[in-house]
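Peer 1: I'd like to ask you about the structure that follows.
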Amino acid sequence: MHSLKGEPGVADIRNIGLAAAVELDPLDGNAVGKPGLRGLKVFERGMEEGMLYRFTGDTIAMAPPFISTQAEIEAMIEKLRAAIRAVR
């Protein structure tokens, strides 16, 4: 998950075990006064890609099954990366 550090819009990353949260910067411009809009849009984009993230405001949380393979976790992270990059 920490490979997302430095992605545009990522403010912070934290985890314990397989559970992780990515805090996103709020959207600028037209979204002024709408906290949580980036989180909602990333959540929606993830749904389009078959992922179900949990979000609270501008924080996306992920907790893959304990039986996930490294390849499956990497694929989940790459789908999250794509969703974050798609929301500007």
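Residue names in the structure tokens use chain letters A, B, ... in the order shown, residue numbers from 1 in each chain, and ligand numbers from 1 in the order shown.
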For A:Val22, list every protein, DNA or RNA residue within 9 Å, evaluated using only C-alpha atoms, and leave out those in the same chain fewer than 3 positions away; present the list as a list in words.
Peer 2: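 Listed by chain and then number, they are Met1, His2, Leu4, Val10, Ala11, Asp12, Ile13, Arg14, Asn15, Asp58, Thr59, Ile60, Ala61 and Met62 of chain A.
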Peer 1: Just the residues within 9 Å of A:Arg45, please, counting only C-alpha atoms, with nothing from its chain fewer than 2 positions along; format it as a PyMOL selection string.
Peer 2: chain A and resi 40-43+47-51+80+82-84+86-87
Peer 1: Next, the residues of the selection above should be written as a short mmCIF file (atom, residue, chain, number, x, y, z; two decimals), in the first residue's frame with N, CA, C and O atoms.
Peer 2:
data_model
loop_
_atom_site.label_atom_id
_atom_site.label_comp_id
_atom_site.auth_asym_id
_atom_site.auth_seq_id
_atom_site.Cartn_x
_atom_site.Cartn_y
_atom_site.Cartn_z
N LEU A 40 -15.47 9.76 -2.26
CA LEU A 40 -16.65 9.19 -2.90
C LEU A 40 -16.36 8.82 -4.35
O LEU A 40 -16.72 7.74 -4.81
N LYS A 41 -15.68 9.71 -5.07
CA LYS A 41 -15.39 9.45 -6.48
C LYS A 41 -14.42 8.27 -6.65
O LYS A 41 -14.57 7.47 -7.57
N VAL A 42 -13.43 8.16 -5.76
CA VAL A 42 -12.51 7.01 -5.82
C VAL A 42 -13.27 5.73 -5.51
O VAL A 42 -13.08 4.71 -6.16
N PHE A 43 -14.15 5.78 -4.51
CA PHE A 43 -14.99 4.63 -4.18
C PHE A 43 -15.82 4.20 -5.39
O PHE A 43 -15.86 3.01 -5.74
N MET A 47 -15.68 0.70 -7.65
CA MET A 47 -16.83 -0.17 -7.91
C MET A 47 -16.90 -0.54 -9.40
O MET A 47 -17.20 -1.68 -9.74
N GLU A 48 -16.60 0.43 -10.26
CA GLU A 48 -16.60 0.17 -11.71
C GLU A 48 -15.55 -0.88 -12.08
O GLU A 48 -15.71 -1.59 -13.07
N GLU A 49 -14.47 -0.96 -11.28
CA GLU A 49 -13.39 -1.91 -11.55
C GLU A 49 -13.56 -3.21 -10.75
O GLU A 49 -12.65 -4.04 -10.72
N GLY A 50 -14.71 -3.37 -10.08
CA GLY A 50 -14.96 -4.59 -9.34
C GLY A 50 -14.41 -4.61 -7.93
O GLY A 50 -14.35 -5.68 -7.31
N MET A 51 -14.01 -3.46 -7.42
CA MET A 51 -13.45 -3.38 -6.07
C MET A 51 -14.48 -2.75 -5.13
O MET A 51 -15.24 -1.88 -5.53
N LEU A 80 -6.61 0.46 -7.06
CA LEU A 80 -6.78 1.66 -6.25
C LEU A 80 -5.96 2.81 -6.83
O LEU A 80 -6.44 3.93 -6.93
N ALA A 82 -5.15 3.28 -9.94
CA ALA A 82 -5.84 3.74 -11.15
C ALA A 82 -7.06 4.59 -10.79
O ALA A 82 -7.31 5.62 -11.44
N ALA A 83 -7.78 4.20 -9.75
CA ALA A 83 -8.96 4.98 -9.33
C ALA A 83 -8.54 6.34 -8.81
O ALA A 83 -9.17 7.36 -9.13
N ILE A 84 -7.47 6.39 -8.03
CA ILE A 84 -6.96 7.67 -7.50
C ILE A 84 -6.52 8.57 -8.65
O ILE A 84 -6.85 9.76 -8.67
N ALA A 86 -7.57 8.56 -11.68
CA ALA A 86 -8.71 8.93 -12.52
C ALA A 86 -9.51 10.09 -11.93
O ALA A 86 -10.20 10.80 -12.67
N VAL A 87 -9.41 10.28 -10.63
CA VAL A 87 -10.19 11.33 -9.96
C VAL A 87 -9.29 12.54 -9.76
O VAL A 87 -8.33 12.50 -9.03
#
Peer 1: Using only C-alpha atoms, which residue out of A:Gly6, A:Gly46, A:Gly57, A:Leu24 lies closest to A:Met76?
Peer 2: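 Once distances to A:Met76 are computed over only C-alpha atoms, the minimum belongs to A:Gly46.
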Peer 1: Check the smallest atom-to-atom distance from each of A:Ala71, A:Leu37, A:Ile77, A:Ala63 to A:Ala19 using only C-alpha atoms, then report the winner.
Peer 2: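 That would be A:Ala63, the residue with the smallest distance to A:Ala19.
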Peer 1: From a DSSP pass on the backbone, collect the residues of stretch 3-47 of chain A flagged as strand (DSSP E) and hand them back as number ranges by chain.
Peer 2: A: 10-16, 19-24
Peer 1: Go through A:Ile67, A:Ile73, A:Ile16, A:Ala21 and flag the residue nearest A:Arg54, using only C-alpha atoms for the distances.
Peer 2: A:Ala21
Peer 1: Would you mind telling me which residue in A:Glu78, A:Ala20, A:Ser3, A:Pro64 lies nearest to A:Leu52 when using only C-alpha atoms?
Peer 2: A:Pro64
Peer 1: Report the residues of chain A whose backbone DSSP state falls under alpha helix (DSSP H), written as a PDB file with N, CA and C atoms, in the first residue's frame.
Peer 2:
ATOM      1  N   LEU A  37     -15.634  14.473  -1.233  1.00  0.00           N
ATOM      2  CA  LEU A  37     -15.998  14.237  -2.630  1.00  0.00           C
ATOM      3  C   LEU A  37     -14.968  13.359  -3.339  1.00  0.00           C
ATOM      4  N   ARG A  38     -13.674  13.586  -3.095  1.00  0.00           N
ATOM      5  CA  ARG A  38     -12.648  12.756  -3.741  1.00  0.00           C
ATOM      6  C   ARG A  38     -12.791  11.307  -3.270  1.00  0.00           C
ATOM      7  N   GLY A  39     -13.003  11.109  -1.977  1.00  0.00           N
ATOM      8  CA  GLY A  39     -13.186   9.754  -1.459  1.00  0.00           C
ATOM      9  C   GLY A  39     -14.357   9.053  -2.107  1.00  0.00           C
ATOM     10  N   LEU A  40     -15.469   9.761  -2.259  1.00  0.00           N
ATOM     11  CA  LEU A  40     -16.654   9.190  -2.899  1.00  0.00           C
ATOM     12  C   LEU A  40     -16.359   8.823  -4.347  1.00  0.00           C
ATOM     13  N   LYS A  41     -15.683   9.707  -5.072  1.00  0.00           N
ATOM     14  CA  LYS A  41     -15.390   9.449  -6.482  1.00  0.00           C
ATOM     15  C   LYS A  41     -14.424   8.268  -6.650  1.00  0.00           C
ATOM     16  N   VAL A  42     -13.430   8.159  -5.761  1.00  0.00           N
ATOM     17  CA  VAL A  42     -12.509   7.013  -5.820  1.00  0.00           C
ATOM     18  C   VAL A  42     -13.271   5.731  -5.507  1.00  0.00           C
ATOM     19  N   PHE A  43     -14.152   5.780  -4.513  1.00  0.00           N
ATOM     20  CA  PHE A  43     -14.995   4.629  -4.176  1.00  0.00           C
ATOM     21  C   PHE A  43     -15.818   4.201  -5.391  1.00  0.00           C
ATOM     22  N   GLU A  44     -16.469   5.151  -6.056  1.00  0.00           N
ATOM     23  CA  GLU A  44     -17.300   4.842  -7.222  1.00  0.00           C
ATOM     24  C   GLU A  44     -16.463   4.260  -8.356  1.00  0.00           C
ATOM     25  N   ARG A  45     -15.282   4.832  -8.573  1.00  0.00           N
ATOM     26  CA  ARG A  45     -14.399   4.326  -9.636  1.00  0.00           C
ATOM     27  C   ARG A  45     -13.959   2.892  -9.325  1.00  0.00           C
ATOM     28  N   GLY A  46     -13.683   2.634  -8.052  1.00  0.00           N
ATOM     29  CA  GLY A  46     -13.318   1.282  -7.640  1.00  0.00           C
ATOM     30  C   GLY A  46     -14.439   0.295  -7.917  1.00  0.00           C
ATOM     31  N   MET A  47     -15.679   0.700  -7.647  1.00  0.00           N
ATOM     32  CA  MET A  47     -16.833  -0.172  -7.914  1.00  0.00           C
ATOM     33  C   MET A  47     -16.899  -0.537  -9.397  1.00  0.00           C
ATOM     34  N   GLU A  48     -16.601   0.426 -10.260  1.00  0.00           N
ATOM     35  CA  GLU A  48     -16.596   0.169 -11.705  1.00  0.00           C
ATOM     36  C   GLU A  48     -15.550  -0.880 -12.080  1.00  0.00           C
ATOM     37  N   GLN A  70      -0.031 -12.600  -2.698  1.00  0.00           N
ATOM     38  CA  GLN A  70       0.681 -11.348  -2.928  1.00  0.00           C
ATOM     39  C   GLN A  70       0.252 -10.742  -4.266  1.00  0.00           C
ATOM     40  N   ALA A  71       0.070 -11.572  -5.282  1.00  0.00           N
ATOM     41  CA  ALA A  71      -0.356 -11.080  -6.598  1.00  0.00           C
ATOM     42  C   ALA A  71      -1.746 -10.445  -6.525  1.00  0.00           C
ATOM     43  N   GLU A  72      -2.646 -11.043  -5.754  1.00  0.00           N
ATOM     44  CA  GLU A  72      -3.994 -10.476  -5.605  1.00  0.00           C
ATOM     45  C   GLU A  72      -3.949  -9.127  -4.885  1.00  0.00           C
ATOM     46  N   ILE A  73      -3.127  -9.030  -3.856  1.00  0.00           N
ATOM     47  CA  ILE A  73      -3.004  -7.765  -3.131  1.00  0.00           C
ATOM     48  C   ILE A  73      -2.390  -6.698  -4.032  1.00  0.00           C
ATOM     49  N   GLU A  74      -1.387  -7.061  -4.791  1.00  0.00           N
ATOM     50  CA  GLU A  74      -0.777  -6.108  -5.725  1.00  0.00           C
ATOM     51  C   GLU A  74      -1.794  -5.637  -6.757  1.00  0.00           C
ATOM     52  N   ALA A  75      -2.648  -6.539  -7.239  1.00  0.00           N
ATOM     53  CA  ALA A  75      -3.687  -6.155  -8.208  1.00  0.00           C
ATOM     54  C   ALA A  75      -4.690  -5.197  -7.566  1.00  0.00           C
ATOM     55  N   MET A  76      -5.051  -5.432  -6.309  1.00  0.00           N
ATOM     56  CA  MET A  76      -5.965  -4.535  -5.596  1.00  0.00           C
ATOM     57  C   MET A  76      -5.364  -3.143  -5.473  1.00  0.00           C
ATOM     58  N   ILE A  77      -4.090  -3.084  -5.141  1.00  0.00           N
ATOM     59  CA  ILE A  77      -3.413  -1.794  -4.989  1.00  0.00           C
ATOM     60  C   ILE A  77      -3.343  -1.077  -6.332  1.00  0.00           C
ATOM     61  N   GLU A  78      -3.070  -1.804  -7.401  1.00  0.00           N
ATOM     62  CA  GLU A  78      -2.991  -1.166  -8.720  1.00  0.00           C
ATOM     63  C   GLU A  78      -4.354  -0.636  -9.158  1.00  0.00           C
ATOM     64  N   LYS A  79      -5.424  -1.331  -8.808  1.00  0.00           N
ATOM     65  CA  LYS A  79      -6.765  -0.828  -9.126  1.00  0.00           C
ATOM     66  C   LYS A  79      -7.061   0.426  -8.314  1.00  0.00           C
ATOM     67  N   LEU A  80      -6.609   0.458  -7.062  1.00  0.00           N
ATOM     68  CA  LEU A  80      -6.783   1.664  -6.251  1.00  0.00           C
ATOM     69  C   LEU A  80      -5.964   2.806  -6.833  1.00  0.00           C
ATOM     70  N   ARG A  81      -4.739   2.522  -7.252  1.00  0.00           N
ATOM     71  CA  ARG A  81      -3.889   3.551  -7.876  1.00  0.00           C
ATOM     72  C   ARG A  81      -4.586   4.143  -9.109  1.00  0.00           C
ATOM     73  N   ALA A  82      -5.154   3.276  -9.939  1.00  0.00           N
ATOM     74  CA  ALA A  82      -5.845   3.741 -11.149  1.00  0.00           C
ATOM     75  C   ALA A  82      -7.057   4.594 -10.790  1.00  0.00           C
ATOM     76  N   ALA A  83      -7.782   4.199  -9.755  1.00  0.00           N
ATOM     77  CA  ALA A  83      -8.959   4.977  -9.330  1.00  0.00           C
ATOM     78  C   ALA A  83      -8.541   6.344  -8.811  1.00  0.00           C
ATOM     79  N   ILE A  84      -7.466   6.391  -8.033  1.00  0.00           N
ATOM     80  CA  ILE A  84      -6.964   7.673  -7.498  1.00  0.00           C
ATOM     81  C   ILE A  84      -6.524   8.570  -8.647  1.00  0.00           C
ATOM     82  N   ARG A  85      -5.811   8.012  -9.611  1.00  0.00           N
ATOM     83  CA  ARG A  85      -5.322   8.816 -10.749  1.00  0.00           C
ATOM     84  C   ARG A  85      -6.471   9.314 -11.616  1.00  0.00           C
ATOM     85  N   ALA A  86      -7.569   8.557 -11.678  1.00  0.00           N
ATOM     86  CA  ALA A  86      -8.705   8.935 -12.520  1.00  0.00           C
ATOM     87  C   ALA A  86      -9.513  10.088 -11.933  1.00  0.00           C
TER      88      ALA A  86
END
Peer 1: Which one is closest to A:Pro65: A:Leu18, A:Lys34, A:Glu23, A:Arg88? Count only C-alpha atoms.
Peer 2: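 Among A:Leu18, A:Lys34, A:Glu23, A:Arg88, it is A:Leu18 that comes nearest to A:Pro65.
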